[in-house]
Amino acid sequence: MIEKETPIAILFVCLGNICRSPTAEAVFRARARKRGLAGRIRIDSAGTGDWHIGQPPDQRAQTTAIKRGYRLNDLRARQVSAKDFTRFDYILAMDNANLADLRALDPGNSRAKVVRFLDIMEQGPDEVPDPYQGDTDSFARMLDLIEQACDRWLDRLAGRRNDGQ
Ligand code: 4NP
């Protein structure tokens, strides 16, 4: 009998959960599906702040994403909670402030590995800059970084499965 694998659970976290982390959620889901990994990975996103709870992603993030084939309109913002640290294997912070806020919320001895999303990259910035106050280019640059890092994470997670770690 083939045993069903428990999916790896990944939570993307930014400040508002309306620009960076929902974009990362959609990109990661689409690219995981393309690699045939969709059933092995559970994906969600959340914000450290509470201002946008229940709202769909920022229109600029949606417009930028749809141009590259990612639909964000069904996503709704939620705030990260202490329970997330037991529900996810990886909690990936978009910037240093998100990481500090997550560390402050971490109940300790938790299942989740809490790191920056861009720590997987060998070169380039270590934060995905907050595009909220920026222009259209800021959103396109955000998506560039997110696509690159999602591919690296998928490489790592696929490898993890292959070598049983
Ligand atoms: P996000 O962008 O953290 O990438 O979702 C932001 C969205 C909203 C705010 C800041 C950043 N805000 O201050 O309301």
# chains A, B, ... in the order shown; residues from 1 in each chain; ligands from 1
>>> residues_around(residues="Phe139 in chain A", least_positions_apart="3", cutoff="8 Å", atoms="only C-alpha atoms", output="PyMOL selection string")
chain A and resi 60-61+64+131+134-136+142-143
>>> residues_near_ligand(ligand="ligand 1", cutoff="8 Å", atoms="only C-alpha atoms and all ligand atoms", output="ChimeraX atom specification")
/A:13-22,47,51-52,57-58,94,129-133
>>> atom_distance(atom1="CA of Ala97 in chain A", atom2="CA of Glu127 in chain A")
9.6 Å
>>> closest_residue(among="A:Trp153, A:Pro107, A:Ala100, A:Asp144", to="Asp119 in chain A", atoms="only C-alpha atoms")
A:Trp153
>>> residues_around(residues="Leu154 in chain A", least_positions_apart="5", cutoff="12 Å", atoms="only C-alpha atoms", output="JSON, numbers by chain")
{"A": [8, 10, 27, 28, 29, 30, 31, 32, 33, 34, 35, 36, 37, 38, 40, 41, 120, 147, 148, 149, 159, 160, 161]}
>>> closest_atom_pairs(of="range 111-145 of chain A", to="range 78-84 of chain A", cutoff="12 Å", atoms="only C-alpha atoms", output="tab-separated table")
residue	atom	partner	partner_atom	distance
A:Arg111	CA	A:Asp84	CA	9.3
A:Ala112	CA	A:Asp84	CA	8.1
A:Lys113	CA	A:Asp84	CA	11.1
A:Val114	CA	A:Asp84	CA	10.9
>>> select_by_dssp(residues="range 82-159 of chain A", states="strand (DSSP E or B)", output="list in words")
Tyr90, Ile91, Leu92, Ala93, Lys113, Val114, Val115 and Arg116 of chain A
>>> write_last_selection(atoms="all heavy atoms", output="short mmCIF file (atom, residue, chain, number, x, y, z; two decimals), in the first residue's frame")
data_model
loop_
_atom_site.label_atom_id
_atom_site.label_comp_id
_atom_site.auth_asym_id
_atom_site.auth_seq_id
_atom_site.Cartn_x
_atom_site.Cartn_y
_atom_site.Cartn_z
N TYR A 90 6.85 25.83 7.82
CA TYR A 90 7.66 27.02 7.51
C TYR A 90 6.79 28.26 7.59
O TYR A 90 5.68 28.27 7.03
CB TYR A 90 8.24 26.95 6.10
CG TYR A 90 9.28 25.89 5.90
CD1 TYR A 90 8.93 24.62 5.45
CD2 TYR A 90 10.63 26.15 6.17
CE1 TYR A 90 9.89 23.64 5.27
CE2 TYR A 90 11.60 25.17 5.98
CZ TYR A 90 11.22 23.92 5.54
OH TYR A 90 12.16 22.95 5.36
N ILE A 91 7.29 29.28 8.28
CA ILE A 91 6.65 30.59 8.23
C ILE A 91 7.68 31.53 7.62
O ILE A 91 8.78 31.72 8.16
CB ILE A 91 6.19 31.06 9.63
CG1 ILE A 91 5.17 30.07 10.20
CG2 ILE A 91 5.59 32.47 9.55
CD1 ILE A 91 4.59 30.45 11.56
N LEU A 92 7.35 32.07 6.45
CA LEU A 92 8.32 32.82 5.64
C LEU A 92 7.98 34.30 5.67
O LEU A 92 6.93 34.73 5.17
CB LEU A 92 8.32 32.28 4.21
CG LEU A 92 8.62 30.78 4.09
CD1 LEU A 92 8.61 30.35 2.62
CD2 LEU A 92 9.96 30.43 4.73
N ALA A 93 8.89 35.09 6.27
CA ALA A 93 8.67 36.53 6.45
C ALA A 93 9.20 37.30 5.25
O ALA A 93 10.29 37.02 4.75
CB ALA A 93 9.39 36.98 7.72
N LYS A 113 9.45 26.52 11.36
CA LYS A 113 10.74 27.16 11.16
C LYS A 113 10.44 28.56 10.61
O LYS A 113 9.79 28.69 9.58
CB LYS A 113 11.52 26.33 10.13
CG LYS A 113 12.96 26.69 9.97
CD LYS A 113 13.60 25.61 9.09
CE LYS A 113 14.90 26.03 8.48
NZ LYS A 113 15.94 26.40 9.41
N VAL A 114 10.87 29.58 11.33
CA VAL A 114 10.53 30.96 10.97
C VAL A 114 11.77 31.62 10.37
O VAL A 114 12.77 31.84 11.07
CB VAL A 114 10.04 31.74 12.21
CG1 VAL A 114 9.60 33.15 11.81
CG2 VAL A 114 8.88 31.01 12.89
N VAL A 115 11.72 31.92 9.09
CA VAL A 115 12.87 32.53 8.39
C VAL A 115 12.37 33.56 7.38
O VAL A 115 11.18 33.63 7.08
CB VAL A 115 13.74 31.48 7.65
CG1 VAL A 115 14.39 30.51 8.63
CG2 VAL A 115 12.94 30.71 6.61
N ARG A 116 13.32 34.33 6.85
CA ARG A 116 12.95 35.25 5.77
C ARG A 116 12.77 34.47 4.48
O ARG A 116 13.57 33.57 4.17
CB ARG A 116 14.03 36.32 5.57
CG ARG A 116 13.98 37.41 6.61
CD ARG A 116 15.07 38.40 6.37
NE ARG A 116 16.38 37.73 6.28
CZ ARG A 116 17.53 38.31 6.54
NH1 ARG A 116 17.56 39.59 6.87
NH2 ARG A 116 18.67 37.66 6.45
#
>>> atom_distance(atom1="CA of Leu11 in chain A", atom2="CA of Phe88 in chain A")
6.5 Å
>>> closest_residue(among="A:Ala9, A:Ala65, A:Ile53, A:Met121", to="Gly39 in chain A", atoms="only C-alpha atoms")
A:Ala9
>>> select_by_dssp(residues="range 16-148 of chain A", states="helix (DSSP H, G or I)", output="PyMOL selection string")
chain A and resi 20-34+38-40+59-67+84-87+96-105+117-120+136-148
>>> decode(residues="range 134-162 of chain A", atoms="N, CA, C and O atoms", output="PDB file, in the first residue's frame")
ATOM      1  N   GLY A 134       4.491  52.486  -2.994  1.00  0.00           N
ATOM      2  CA  GLY A 134       5.280  52.614  -4.221  1.00  0.00           C
ATOM      3  C   GLY A 134       4.440  52.758  -5.480  1.00  0.00           C
ATOM      4  O   GLY A 134       3.219  52.899  -5.431  1.00  0.00           O
ATOM      5  N   ASP A 135       5.124  52.701  -6.637  1.00  0.00           N
ATOM      6  CA  ASP A 135       4.456  52.844  -7.927  1.00  0.00           C
ATOM      7  C   ASP A 135       4.287  51.467  -8.582  1.00  0.00           C
ATOM      8  O   ASP A 135       4.566  50.434  -7.981  1.00  0.00           O
ATOM      9  N   THR A 136       3.845  51.488  -9.821  1.00  0.00           N
ATOM     10  CA  THR A 136       3.614  50.232 -10.545  1.00  0.00           C
ATOM     11  C   THR A 136       4.880  49.386 -10.617  1.00  0.00           C
ATOM     12  O   THR A 136       4.829  48.163 -10.513  1.00  0.00           O
ATOM     13  N   ASP A 137       6.021  50.066 -10.812  1.00  0.00           N
ATOM     14  CA  ASP A 137       7.294  49.340 -10.883  1.00  0.00           C
ATOM     15  C   ASP A 137       7.597  48.584  -9.595  1.00  0.00           C
ATOM     16  O   ASP A 137       8.198  47.508  -9.627  1.00  0.00           O
ATOM     17  N   SER A 138       7.219  49.163  -8.462  1.00  0.00           N
ATOM     18  CA  SER A 138       7.472  48.488  -7.182  1.00  0.00           C
ATOM     19  C   SER A 138       6.742  47.155  -7.139  1.00  0.00           C
ATOM     20  O   SER A 138       7.255  46.170  -6.607  1.00  0.00           O
ATOM     21  N   PHE A 139       5.536  47.127  -7.709  1.00  0.00           N
ATOM     22  CA  PHE A 139       4.768  45.877  -7.712  1.00  0.00           C
ATOM     23  C   PHE A 139       5.384  44.862  -8.673  1.00  0.00           C
ATOM     24  O   PHE A 139       5.435  43.665  -8.378  1.00  0.00           O
ATOM     25  N   ALA A 140       5.870  45.331  -9.809  1.00  0.00           N
ATOM     26  CA  ALA A 140       6.509  44.414 -10.767  1.00  0.00           C
ATOM     27  C   ALA A 140       7.807  43.842 -10.173  1.00  0.00           C
ATOM     28  O   ALA A 140       8.086  42.647 -10.310  1.00  0.00           O
ATOM     29  N   ARG A 141       8.571  44.698  -9.495  1.00  0.00           N
ATOM     30  CA  ARG A 141       9.814  44.213  -8.856  1.00  0.00           C
ATOM     31  C   ARG A 141       9.498  43.220  -7.749  1.00  0.00           C
ATOM     32  O   ARG A 141      10.198  42.228  -7.565  1.00  0.00           O
ATOM     33  N   MET A 142       8.447  43.505  -7.000  1.00  0.00           N
ATOM     34  CA  MET A 142       8.003  42.581  -5.950  1.00  0.00           C
ATOM     35  C   MET A 142       7.719  41.202  -6.554  1.00  0.00           C
ATOM     36  O   MET A 142       8.163  40.177  -6.047  1.00  0.00           O
ATOM     37  N   LEU A 143       7.005  41.199  -7.669  1.00  0.00           N
ATOM     38  CA  LEU A 143       6.630  39.928  -8.293  1.00  0.00           C
ATOM     39  C   LEU A 143       7.865  39.199  -8.841  1.00  0.00           C
ATOM     40  O   LEU A 143       7.966  37.966  -8.737  1.00  0.00           O
ATOM     41  N   ASP A 144       8.821  39.948  -9.399  1.00  0.00           N
ATOM     42  CA  ASP A 144      10.077  39.328  -9.869  1.00  0.00           C
ATOM     43  C   ASP A 144      10.752  38.563  -8.726  1.00  0.00           C
ATOM     44  O   ASP A 144      11.137  37.398  -8.871  1.00  0.00           O
ATOM     45  N   LEU A 145      10.911  39.238  -7.591  1.00  0.00           N
ATOM     46  CA  LEU A 145      11.580  38.617  -6.443  1.00  0.00           C
ATOM     47  C   LEU A 145      10.807  37.396  -5.953  1.00  0.00           C
ATOM     48  O   LEU A 145      11.395  36.354  -5.633  1.00  0.00           O
ATOM     49  N   ILE A 146       9.494  37.542  -5.913  1.00  0.00           N
ATOM     50  CA  ILE A 146       8.658  36.448  -5.406  1.00  0.00           C
ATOM     51  C   ILE A 146       8.736  35.230  -6.333  1.00  0.00           C
ATOM     52  O   ILE A 146       8.878  34.092  -5.873  1.00  0.00           O
ATOM     53  N   GLU A 147       8.707  35.453  -7.642  1.00  0.00           N
ATOM     54  CA  GLU A 147       8.788  34.309  -8.569  1.00  0.00           C
ATOM     55  C   GLU A 147      10.122  33.578  -8.415  1.00  0.00           C
ATOM     56  O   GLU A 147      10.171  32.334  -8.390  1.00  0.00           O
ATOM     57  N   GLN A 148      11.203  34.347  -8.325  1.00  0.00           N
ATOM     58  CA  GLN A 148      12.531  33.725  -8.202  1.00  0.00           C
ATOM     59  C   GLN A 148      12.640  32.901  -6.920  1.00  0.00           C
ATOM     60  O   GLN A 148      13.109  31.760  -6.916  1.00  0.00           O
ATOM     61  N   ALA A 149      12.181  33.501  -5.814  1.00  0.00           N
ATOM     62  CA  ALA A 149      12.332  32.810  -4.523  1.00  0.00           C
ATOM     63  C   ALA A 149      11.394  31.608  -4.417  1.00  0.00           C
ATOM     64  O   ALA A 149      11.761  30.582  -3.833  1.00  0.00           O
ATOM     65  N   CYS A 150      10.202  31.708  -4.999  1.00  0.00           N
ATOM     66  CA  CYS A 150       9.293  30.552  -4.975  1.00  0.00           C
ATOM     67  C   CYS A 150       9.936  29.361  -5.684  1.00  0.00           C
ATOM     68  O   CYS A 150       9.845  28.219  -5.215  1.00  0.00           O
ATOM     69  N   ASP A 151      10.582  29.621  -6.810  1.00  0.00           N
ATOM     70  CA  ASP A 151      11.241  28.526  -7.529  1.00  0.00           C
ATOM     71  C   ASP A 151      12.336  27.881  -6.683  1.00  0.00           C
ATOM     72  O   ASP A 151      12.495  26.662  -6.674  1.00  0.00           O
ATOM     73  N   ARG A 152      13.076  28.708  -5.960  1.00  0.00           N
ATOM     74  CA  ARG A 152      14.145  28.160  -5.105  1.00  0.00           C
ATOM     75  C   ARG A 152      13.566  27.323  -3.960  1.00  0.00           C
ATOM     76  O   ARG A 152      14.085  26.265  -3.629  1.00  0.00           O
ATOM     77  N   TRP A 153      12.491  27.836  -3.359  1.00  0.00           N
ATOM     78  CA  TRP A 153      11.867  27.065  -2.274  1.00  0.00           C
ATOM     79  C   TRP A 153      11.318  25.738  -2.807  1.00  0.00           C
ATOM     80  O   TRP A 153      11.443  24.706  -2.154  1.00  0.00           O
ATOM     81  N   LEU A 154      10.734  25.783  -3.993  1.00  0.00           N
ATOM     82  CA  LEU A 154      10.201  24.538  -4.558  1.00  0.00           C
ATOM     83  C   LEU A 154      11.331  23.553  -4.868  1.00  0.00           C
ATOM     84  O   LEU A 154      11.177  22.354  -4.665  1.00  0.00           O
ATOM     85  N   ASP A 155      12.467  24.071  -5.341  1.00  0.00           N
ATOM     86  CA  ASP A 155      13.637  23.200  -5.553  1.00  0.00           C
ATOM     87  C   ASP A 155      14.013  22.516  -4.238  1.00  0.00           C
ATOM     88  O   ASP A 155      14.249  21.321  -4.186  1.00  0.00           O
ATOM     89  N   ARG A 156      14.059  23.326  -3.191  1.00  0.00           N
ATOM     90  CA  ARG A 156      14.472  22.780  -1.891  1.00  0.00           C
ATOM     91  C   ARG A 156      13.468  21.763  -1.372  1.00  0.00           C
ATOM     92  O   ARG A 156      13.851  20.695  -0.887  1.00  0.00           O
ATOM     93  N   LEU A 157      12.196  22.095  -1.466  1.00  0.00           N
ATOM     94  CA  LEU A 157      11.188  21.201  -0.912  1.00  0.00           C
ATOM     95  C   LEU A 157      11.095  19.912  -1.723  1.00  0.00           C
ATOM     96  O   LEU A 157      10.900  18.836  -1.157  1.00  0.00           O
ATOM     97  N   ALA A 158      11.267  20.011  -3.040  1.00  0.00           N
ATOM     98  CA  ALA A 158      11.254  18.809  -3.876  1.00  0.00           C
ATOM     99  C   ALA A 158      12.439  17.923  -3.496  1.00  0.00           C
ATOM    100  O   ALA A 158      12.318  16.706  -3.375  1.00  0.00           O
ATOM    101  N   GLY A 159      13.600  18.556  -3.263  1.00  0.00           N
ATOM    102  CA  GLY A 159      14.792  17.818  -2.853  1.00  0.00           C
ATOM    103  C   GLY A 159      14.612  17.156  -1.512  1.00  0.00           C
ATOM    104  O   GLY A 159      14.999  16.014  -1.297  1.00  0.00           O
ATOM    105  N   ARG A 160      13.967  17.891  -0.603  1.00  0.00           N
ATOM    106  CA  ARG A 160      13.717  17.379   0.738  1.00  0.00           C
ATOM    107  C   ARG A 160      12.905  16.099   0.680  1.00  0.00           C
ATOM    108  O   ARG A 160      13.167  15.132   1.381  1.00  0.00           O
ATOM    109  N   ARG A 161      11.903  16.114  -0.228  1.00  0.00           N
ATOM    110  CA  ARG A 161      11.097  14.916  -0.385  1.00  0.00           C
ATOM    111  C   ARG A 161      11.922  13.769  -0.962  1.00  0.00           C
ATOM    112  O   ARG A 161      11.830  12.644  -0.521  1.00  0.00           O
ATOM    113  N   ASN A 162      12.755  14.115  -1.965  1.00  0.00           N
ATOM    114  CA  ASN A 162      13.515  13.041  -2.633  1.00  0.00           C
ATOM    115  C   ASN A 162      14.518  12.373  -1.726  1.00  0.00           C
ATOM    116  O   ASN A 162      14.702  11.179  -1.772  1.00  0.00           O
TER     117      ASN A 162
END
